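A short worksheet on the structure shown next.
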Amino acid sequence: MKFCIYGAGAIGGYLAVELALSGQEVCVIARGAHLEAIQERGLTLHIQGGVKVARVPADSDPRAFGPQDMVICALKAHQAFECAGSFAPLFKPDTAVVTAMNGIPWWYFYKNGGRFEGQYLETVDPGGRQWSSIGPQRAIGCVVEPACEVIAPGVIAHHRFNRFIIGEPDGSRSRRVEELSQALTAAGFDAPVRDNIRWNIWLKLWGNVCFNPISALTGATLGRMIGNPDLRALCKTMMLETQAVNEALGVHIPADMMDRRLAGAASATDHKMSMLQDLERGRSLEIDALVGVVQELGRLTAVKTPLVDAVLALIKERASGLTG
């Protein structure tokens with residue numbers, strides 16, 4: 001298949017290298033010094049004590065590549081919104097767009113069968129720009145588990161995990177999602193297809209809604225955050241508020257998953273959350289898809305989220321002035 005990785009940063013670069021080396025036809029969209037390094041030297045991946053290099057076509061303009069079979073969007077949610085109009089040259093009628101991003105996706109209320117069917121989310125897709133310019137019918141959901149980092153222009157370091165959980169918005173085992181799973185598996189990834197991808201999206205969000213903003217507000221690593229009883233209690237309360245929202249939307253996750261999520265986080269002692277990394281580098285923060293959307297969905301379902309609201313106000317103020 002022809003793959004375009006839109007946003008060849010930490011996760012996108014990891015995907016691009018492994019897919020290209022497995023024999024898929026891969027091109028990447030990147031920018032700045034990272035793009036220049038990829039064009040000159042290819043993408044370099046440090047993984048499991050070794051180094052892999054893939055020479056892939058790279059450009060900042062999607063018009064350089066033409067229609068693709070699969071576009072994997074690995075941008076931050078706010079970057080994806082800003083770039084939505086530029087995806088068009090990559091599309092043919094059946095091109096799929098894999099949303100390999102954190103948080104609640106812009107297509108969430110497409111074919112979910114609930115009372116909000118067809119509604120777009122102002123926090124992640126103001127005015128429905130992605131809904132109208134990309135189209136929810138193209139979307140394949142993806143929950144990203146790997147931890148990766150751009151350590152130099154054109155150079156990605158993989159730290160842990162290789163699972164990308166995928167699923168159709170309507171829960172079907174479509175031909176395209178099966179082909180995507182097969183391609184990812186052949187590239188060495190764990191790529192299970194789920195019939196309720198929203199369940200996995202919410203489970204991951206339970207961590208991101210609290211770990212990310214609290215890390216940016218305190219400077220704490222994940223291990224320090226969970227090791228501090230007060231911060232751990234704050235995290236759990238924010239998780240409980242988030243759980244109430246997903247329950248109101250008909251997504252039911254067993255309560256014991258919360259303690260398992262916290263225990264898993266405690267094991268990543270020195271890990272800096274992505275929001276803290278971005279803050280330290282002066283980059284804009286991915287707030288709305290991880291925190292703001294929980295507030296929006298809480299108000300939509302008449303579920304109160306007081307601590308989520310408070311932390312959201314604090315992290316928005318902390319992020320003011322960042323432009324990267």
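The way I read the labels, and the way they are meant: chains A, B, ... in the order of the structure tokens, residue 1 as the first residue of every chain, and ligand 1 as the first ligand shown, with later ones counted on from there.
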
Spatial neighbours of Leu314 in chain A, 12 Å, only C-alpha atoms, chain gap at least 2 places, as JSON, numbers by chain: {"A": [213, 214, 216, 217, 218, 287, 291, 292, 307, 308, 309, 310, 311, 312, 316, 317, 318, 319, 320]}

Which of range 143-246 of chain A DSSP labels helix (DSSP H, G or I), written as JSON, numbers by chain: {"A": [175, 176, 177, 178, 179, 180, 181, 182, 183, 184, 185, 186, 197, 198, 199, 200, 201, 202, 203, 204, 205, 206, 207, 208, 209, 210, 211, 212, 213, 214, 215, 216, 217, 218, 222, 223, 224, 225, 226, 227, 229, 230, 231, 232, 233, 234, 235, 236, 237, 238, 239, 240, 241, 242, 243, 244, 245, 246]}

All residues 12 Å or closer to range 297-301 of chain A, only C-alpha atoms, same chain fewer than 4 positions away omitted, as JSON, numbers by chain: {"A": [104, 108, 109, 114, 115, 116, 119, 120, 121, 122, 123, 124, 241, 242, 243, 244, 245, 246, 247, 248, 249, 250, 288, 289, 290, 291, 292, 293, 305, 306, 307, 308, 309]}

For range 130-142 of chain A, work out the shell of residues within 7 Å, counting only C-alpha atoms and skipping chain neighbours fewer than 4 positions away, then give it as a PDB file with N, CA and C atoms, in the first residue's frame.
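Writing done, so here's around_10.pdb:
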ATOM      1  N   PHE A  81      -5.800  19.954  13.278  1.00  0.00           N
ATOM      2  CA  PHE A  81      -6.875  20.885  12.949  1.00  0.00           C
ATOM      3  C   PHE A  81      -6.370  21.987  12.016  1.00  0.00           C
ATOM      4  N   ALA A  84      -5.834  20.677   8.423  1.00  0.00           N
ATOM      5  CA  ALA A  84      -6.911  19.878   7.827  1.00  0.00           C
ATOM      6  C   ALA A  84      -7.125  20.161   6.345  1.00  0.00           C
ATOM      7  N   GLY A  85      -7.070  21.422   5.963  1.00  0.00           N
ATOM      8  CA  GLY A  85      -7.333  21.777   4.575  1.00  0.00           C
ATOM      9  C   GLY A  85      -6.270  21.322   3.607  1.00  0.00           C
ATOM     10  N   THR A  95      -9.356   6.694   0.040  1.00  0.00           N
ATOM     11  CA  THR A  95      -8.232   6.883   0.961  1.00  0.00           C
ATOM     12  C   THR A  95      -8.724   6.944   2.402  1.00  0.00           C
ATOM     13  N   ALA A  96      -8.080   6.180   3.270  1.00  0.00           N
ATOM     14  CA  ALA A  96      -8.405   6.190   4.697  1.00  0.00           C
ATOM     15  C   ALA A  96      -7.441   7.110   5.442  1.00  0.00           C
ATOM     16  N   VAL A  97      -7.929   7.715   6.514  1.00  0.00           N
ATOM     17  CA  VAL A  97      -7.105   8.561   7.378  1.00  0.00           C
ATOM     18  C   VAL A  97      -7.090   7.946   8.769  1.00  0.00           C
ATOM     19  N   VAL A  98      -5.902   7.520   9.189  1.00  0.00           N
ATOM     20  CA  VAL A  98      -5.723   6.879  10.489  1.00  0.00           C
ATOM     21  C   VAL A  98      -5.335   7.953  11.495  1.00  0.00           C
ATOM     22  N   THR A  99      -6.158   8.151  12.518  1.00  0.00           N
ATOM     23  CA  THR A  99      -5.895   9.220  13.486  1.00  0.00           C
ATOM     24  C   THR A  99      -5.049   8.671  14.642  1.00  0.00           C
ATOM     25  N   ALA A 100      -3.739   8.663  14.421  1.00  0.00           N
ATOM     26  CA  ALA A 100      -2.791   8.139  15.418  1.00  0.00           C
ATOM     27  C   ALA A 100      -2.394   9.258  16.376  1.00  0.00           C
ATOM     28  N   TRP A 107     -13.679  12.818  14.993  1.00  0.00           N
ATOM     29  CA  TRP A 107     -14.770  12.059  14.380  1.00  0.00           C
ATOM     30  C   TRP A 107     -15.599  11.303  15.420  1.00  0.00           C
ATOM     31  N   TYR A 110     -19.202  10.112  14.925  1.00  0.00           N
ATOM     32  CA  TYR A 110     -19.548   9.529  13.626  1.00  0.00           C
ATOM     33  C   TYR A 110     -19.844   8.044  13.801  1.00  0.00           C
ATOM     34  N   ASP A 125     -12.295  20.273  17.103  1.00  0.00           N
ATOM     35  CA  ASP A 125     -12.579  20.553  15.693  1.00  0.00           C
ATOM     36  C   ASP A 125     -13.496  21.767  15.569  1.00  0.00           C
ATOM     37  N   PHE A 164      -0.196  -0.458  18.398  1.00  0.00           N
ATOM     38  CA  PHE A 164      -1.124   0.523  17.855  1.00  0.00           C
ATOM     39  C   PHE A 164      -2.476  -0.171  17.751  1.00  0.00           C
ATOM     40  N   ILE A 165      -3.416   0.204  18.612  1.00  0.00           N
ATOM     41  CA  ILE A 165      -4.748  -0.407  18.600  1.00  0.00           C
ATOM     42  C   ILE A 165      -5.608   0.349  17.607  1.00  0.00           C
ATOM     43  N   ILE A 166      -6.229  -0.379  16.673  1.00  0.00           N
ATOM     44  CA  ILE A 166      -6.987   0.283  15.617  1.00  0.00           C
ATOM     45  C   ILE A 166      -8.424  -0.215  15.593  1.00  0.00           C
ATOM     46  N   GLY A 167      -9.302   0.577  14.966  1.00  0.00           N
ATOM     47  CA  GLY A 167     -10.699   0.172  14.877  1.00  0.00           C
ATOM     48  C   GLY A 167     -11.519   1.156  14.067  1.00  0.00           C
ATOM     49  N   GLU A 168     -12.531   0.637  13.403  1.00  0.00           N
ATOM     50  CA  GLU A 168     -13.463   1.471  12.650  1.00  0.00           C
ATOM     51  C   GLU A 168     -14.414   2.192  13.611  1.00  0.00           C
ATOM     52  N   PRO A 169     -14.829   3.414  13.275  1.00  0.00           N
ATOM     53  CA  PRO A 169     -15.803   4.117  14.111  1.00  0.00           C
ATOM     54  C   PRO A 169     -17.100   3.344  14.322  1.00  0.00           C
ATOM     55  N   ILE A 197     -13.419   0.850  19.461  1.00  0.00           N
ATOM     56  CA  ILE A 197     -12.182   1.616  19.625  1.00  0.00           C
ATOM     57  C   ILE A 197     -12.360   2.753  20.627  1.00  0.00           C
TER      58      ILE A 197
END

Option closest in space to Gln79 in chain A, from A:Gln48, A:Thr269, A:Ser284, A:Gln295 [counting only C-alpha atoms]: A:Ser284

Find the residues of range 85-196 of chain A that sit at most 12 Å from range 52-56 of chain A; for each, write down the nearest two atoms and how far apart they are in Å, to one decimal. Count only C-alpha atoms. Sort by chain, then by number going up, and give it as CSV.
residue,atom,partner,partner_atom,distance
A:Gly154,CA,A:Val53,CA,9.9
A:Val155,CA,A:Val53,CA,9.2
A:Ile156,CA,A:Lys52,CA,9.8
A:Ala157,CA,A:Lys52,CA,10.4
A:His158,CA,A:Lys52,CA,11.1

Could you take the residues named above and write them with N, CA and C atoms, as an mmCIF file, in the first residue's frame?
data_model
loop_
_atom_site.group_PDB
_atom_site.id
_atom_site.type_symbol
_atom_site.label_atom_id
_atom_site.label_comp_id
_atom_site.auth_asym_id
_atom_site.auth_seq_id
_atom_site.Cartn_x
_atom_site.Cartn_y
_atom_site.Cartn_z
ATOM 1 N N GLY A 154 15.705 14.437 12.341
ATOM 2 C CA GLY A 154 15.775 13.216 11.553
ATOM 3 C C GLY A 154 16.076 11.963 12.344
ATOM 4 N N VAL A 155 16.145 12.072 13.671
ATOM 5 C CA VAL A 155 16.534 10.924 14.504
ATOM 6 C C VAL A 155 15.472 10.667 15.580
ATOM 7 N N ILE A 156 14.927 9.450 15.581
ATOM 8 C CA ILE A 156 13.895 9.043 16.529
ATOM 9 C C ILE A 156 14.468 7.989 17.474
ATOM 10 N N ALA A 157 14.136 8.101 18.761
ATOM 11 C CA ALA A 157 14.489 7.058 19.722
ATOM 12 C C ALA A 157 13.208 6.396 20.202
ATOM 13 N N HIS A 158 13.167 5.074 20.092
ATOM 14 C CA HIS A 158 12.035 4.294 20.606
ATOM 15 C C HIS A 158 12.405 3.803 22.000
#

Compile a residue-level contact table for range 81-183 of chain A against range 12-30 of chain A at a cut-off of 12 Å, reporting for every qualifying residue the shortest atom pair and its distance in Å to one decimal, with only C-alpha atoms counted, rows ordered by chain and ascending number, as CSV.
residue,atom,partner,partner_atom,distance
A:Cys83,CA,A:Ile29,CA,11.1
A:Ser86,CA,A:Ile29,CA,11.0
A:Phe87,CA,A:Ile29,CA,10.5
A:Leu90,CA,A:Cys27,CA,10.8
A:Val98,CA,A:Gly12,CA,11.4
A:Thr99,CA,A:Gly12,CA,11.1
A:Ala100,CA,A:Gly12,CA,8.4
A:Met101,CA,A:Gly12,CA,9.9
A:Val144,CA,A:Gly12,CA,10.5
A:Pro146,CA,A:Tyr14,CA,9.1
A:Ala147,CA,A:Tyr14,CA,9.9
A:Cys148,CA,A:Tyr14,CA,7.6
A:Glu149,CA,A:Tyr14,CA,9.2
A:Val150,CA,A:Gly13,CA,8.5
A:Ile151,CA,A:Gly13,CA,11.5
A:Ala152,CA,A:Gly13,CA,12.0
A:Pro153,CA,A:Ala30,CA,10.6
A:Gly154,CA,A:Gly13,CA,8.3
A:Val155,CA,A:Gly13,CA,8.3
A:Ile156,CA,A:Gly13,CA,6.5
A:Ala157,CA,A:Tyr14,CA,8.2
A:His158,CA,A:Tyr14,CA,7.3
A:His159,CA,A:Tyr14,CA,10.8
A:Arg160,CA,A:Tyr14,CA,11.6
A:Phe161,CA,A:Tyr14,CA,11.5
A:Asn162,CA,A:Tyr14,CA,9.6
A:Arg163,CA,A:Leu15,CA,11.0
A:Phe164,CA,A:Leu15,CA,9.9
A:Leu180,CA,A:Leu19,CA,10.9
A:Ser181,CA,A:Leu19,CA,11.8
A:Gln182,CA,A:Leu19,CA,11.2
A:Ala183,CA,A:Leu19,CA,7.6

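If only C-alpha atoms are the atoms counted, then among A:Trp206, A:Trp199, A:Phe211, A:Phe65 the closest residue to Ile253 in chain A is A:Trp199.
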
Env of Met258 in chain A: 12 Å cut, atoms = only C-alpha atoms, seq-sep filter 4 positions within chain, self excluded. Answer as a short mmCIF file (atom, residue, chain, number, x, y, z; two decimals) with N, CA and C atoms, in the first residue's frame.
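In the end it all went to out_32.cif:
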data_model
loop_
_atom_site.label_atom_id
_atom_site.label_comp_id
_atom_site.auth_asym_id
_atom_site.auth_seq_id
_atom_site.Cartn_x
_atom_site.Cartn_y
_atom_site.Cartn_z
N TRP A 202 -10.93 6.01 25.55
CA TRP A 202 -11.22 6.53 26.89
C TRP A 202 -10.25 5.99 27.93
N LEU A 203 -9.91 4.71 27.82
CA LEU A 203 -8.98 4.14 28.79
C LEU A 203 -7.65 4.88 28.78
N LYS A 204 -7.14 5.18 27.59
CA LYS A 204 -5.89 5.94 27.53
C LYS A 204 -6.08 7.37 28.04
N LEU A 205 -7.24 7.94 27.74
CA LEU A 205 -7.50 9.31 28.17
C LEU A 205 -7.56 9.43 29.68
N TRP A 206 -7.97 8.37 30.37
CA TRP A 206 -7.97 8.41 31.84
C TRP A 206 -6.61 8.85 32.37
N GLY A 207 -5.54 8.41 31.72
CA GLY A 207 -4.21 8.82 32.14
C GLY A 207 -3.84 10.19 31.62
N ARG A 232 -1.23 11.85 43.45
CA ARG A 232 -1.92 10.61 43.04
C ARG A 232 -3.42 10.73 43.29
N ALA A 233 -3.80 11.29 44.43
CA ALA A 233 -5.22 11.46 44.75
C ALA A 233 -5.88 12.42 43.76
N CYS A 235 -4.91 12.90 40.66
CA CYS A 235 -5.03 12.14 39.40
C CYS A 235 -6.25 11.23 39.44
N LYS A 236 -6.43 10.52 40.54
CA LYS A 236 -7.54 9.56 40.62
C LYS A 236 -8.88 10.28 40.58
N THR A 237 -8.98 11.43 41.22
CA THR A 237 -10.24 12.18 41.19
C THR A 237 -10.56 12.66 39.79
N MET A 238 -9.54 13.13 39.07
CA MET A 238 -9.76 13.56 37.68
C MET A 238 -10.15 12.36 36.81
N MET A 239 -9.55 11.21 37.08
CA MET A 239 -9.94 9.99 36.35
C MET A 239 -11.40 9.63 36.62
N LEU A 240 -11.82 9.75 37.88
CA LEU A 240 -13.20 9.43 38.23
C LEU A 240 -14.19 10.37 37.54
N GLU A 241 -13.83 11.65 37.45
CA GLU A 241 -14.68 12.60 36.73
C GLU A 241 -14.77 12.23 35.25
N THR A 242 -13.64 11.84 34.69
CA THR A 242 -13.60 11.43 33.28
C THR A 242 -14.42 10.17 33.07
N GLN A 243 -14.29 9.23 34.00
CA GLN A 243 -15.07 8.00 33.92
C GLN A 243 -16.58 8.29 33.91
N ILE A 253 -16.12 1.02 31.32
CA ILE A 253 -14.80 0.45 31.57
C ILE A 253 -14.77 -0.01 33.04
N PRO A 254 -14.36 -1.25 33.32
CA PRO A 254 -14.35 -1.74 34.70
C PRO A 254 -13.55 -0.83 35.62
N LEU A 262 -2.98 3.45 37.16
CA LEU A 262 -2.10 4.18 38.07
C LEU A 262 -0.85 3.35 38.39
N ALA A 263 -1.02 2.06 38.60
CA ALA A 263 0.12 1.20 38.90
C ALA A 263 1.08 1.13 37.72
N GLY A 264 0.53 1.06 36.53
CA GLY A 264 1.39 1.05 35.33
C GLY A 264 2.17 2.33 35.19
N ALA A 265 1.52 3.45 35.51
CA ALA A 265 2.20 4.75 35.43
C ALA A 265 3.33 4.84 36.44
#

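Coordinates place CA of Arg260 in chain A at a distance of 16.9 Å from CA of Asn228 in chain A.
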
Coordinates-based distance that separates CA of Gly42 in chain A from CA of Lys92 in chain A (Å, one decimal): 27.1 Å

Test item: residues at most 10 Å from Arg173 in chain A, only C-alpha atoms, excluding those fewer than 6 positions along its chain, as a ChimeraX atom specification: /A:167,193-195

Store the residues picked out above, limited to N, CA and C atoms, as a PDB file, in the first residue's frame.
ATOM      1  N   GLY A 167      -9.302   0.577  14.966  1.00  0.00           N
ATOM      2  CA  GLY A 167     -10.699   0.172  14.877  1.00  0.00           C
ATOM      3  C   GLY A 167     -11.519   1.156  14.067  1.00  0.00           C
ATOM      4  N   VAL A 193      -7.153  -5.240  16.038  1.00  0.00           N
ATOM      5  CA  VAL A 193      -8.360  -4.532  15.614  1.00  0.00           C
ATOM      6  C   VAL A 193      -9.419  -4.706  16.692  1.00  0.00           C
ATOM      7  N   ARG A 194      -9.994  -3.615  17.156  1.00  0.00           N
ATOM      8  CA  ARG A 194     -11.023  -3.669  18.193  1.00  0.00           C
ATOM      9  C   ARG A 194     -12.391  -3.278  17.609  1.00  0.00           C
ATOM     10  N   ASP A 195     -13.436  -3.898  18.152  1.00  0.00           N
ATOM     11  CA  ASP A 195     -14.779  -3.579  17.669  1.00  0.00           C
ATOM     12  C   ASP A 195     -15.412  -2.427  18.438  1.00  0.00           C
TER      13      ASP A 195
END

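For the atom pair formed by CA of Cys73 in chain A and CA of Asn102 in chain A, the distance is 11.0 Å, given to one decimal.
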
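Considering the residues A:Glu145, A:Glu117, A:Glu179, A:Glu40 and counting only C-alpha atoms, Met70 in chain A has its shortest atom-to-atom contact with A:Glu179.
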
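Proximity to Arg198 in chain A was assessed for A:Leu184, A:Val251, A:Ile226, A:Leu279 counting only C-alpha atoms; the smallest distance is recorded for A:Val251.
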
DSSP strand (DSSP E) residues within range 65-202 of chain A, listed as an MDAnalysis selection string: chainID A and resid 70:73 96:100 139:144 147:152 155:160 164:167

Those residues you just picked out, can you put them in a file as a compact mmCIF listing (two decimals), in the first residue's frame with C-alpha atoms?
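After the write, part-v6.txt holds the following:
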# COMPACT_ATOMS: atom_id res chain seq x y z
CA MET A 70 -3.58 5.34 3.74
CA VAL A 71 -2.76 8.65 5.40
CA ILE A 72 -1.58 8.22 8.99
CA CYS A 73 -2.02 11.49 10.84
CA ALA A 96 -8.40 6.19 4.70
CA VAL A 97 -7.11 8.56 7.38
CA VAL A 98 -5.72 6.88 10.49
CA THR A 99 -5.90 9.22 13.49
CA ALA A 100 -2.79 8.14 15.42
CA ALA A 139 -11.40 7.88 9.61
CA ILE A 140 -9.89 4.81 11.23
CA GLY A 141 -9.34 5.14 14.98
CA CYS A 142 -5.92 4.46 16.46
CA VAL A 143 -4.71 4.40 20.06
CA VAL A 144 -0.96 4.93 20.28
CA ALA A 147 6.87 5.90 23.82
CA CYS A 148 9.22 7.59 21.36
CA GLU A 149 11.17 10.83 21.18
CA VAL A 150 12.83 12.98 18.52
CA ILE A 151 16.38 13.23 19.87
CA ALA A 152 17.86 15.18 16.93
CA VAL A 155 16.53 10.92 14.50
CA ILE A 156 13.89 9.04 16.53
CA ALA A 157 14.49 7.06 19.72
CA HIS A 158 12.04 4.29 20.61
CA HIS A 159 11.84 3.70 24.37
CA ARG A 160 9.09 1.15 24.98
CA PHE A 164 -1.12 0.52 17.85
CA ILE A 165 -4.75 -0.41 18.60
CA ILE A 166 -6.99 0.28 15.62
CA GLY A 167 -10.70 0.17 14.88
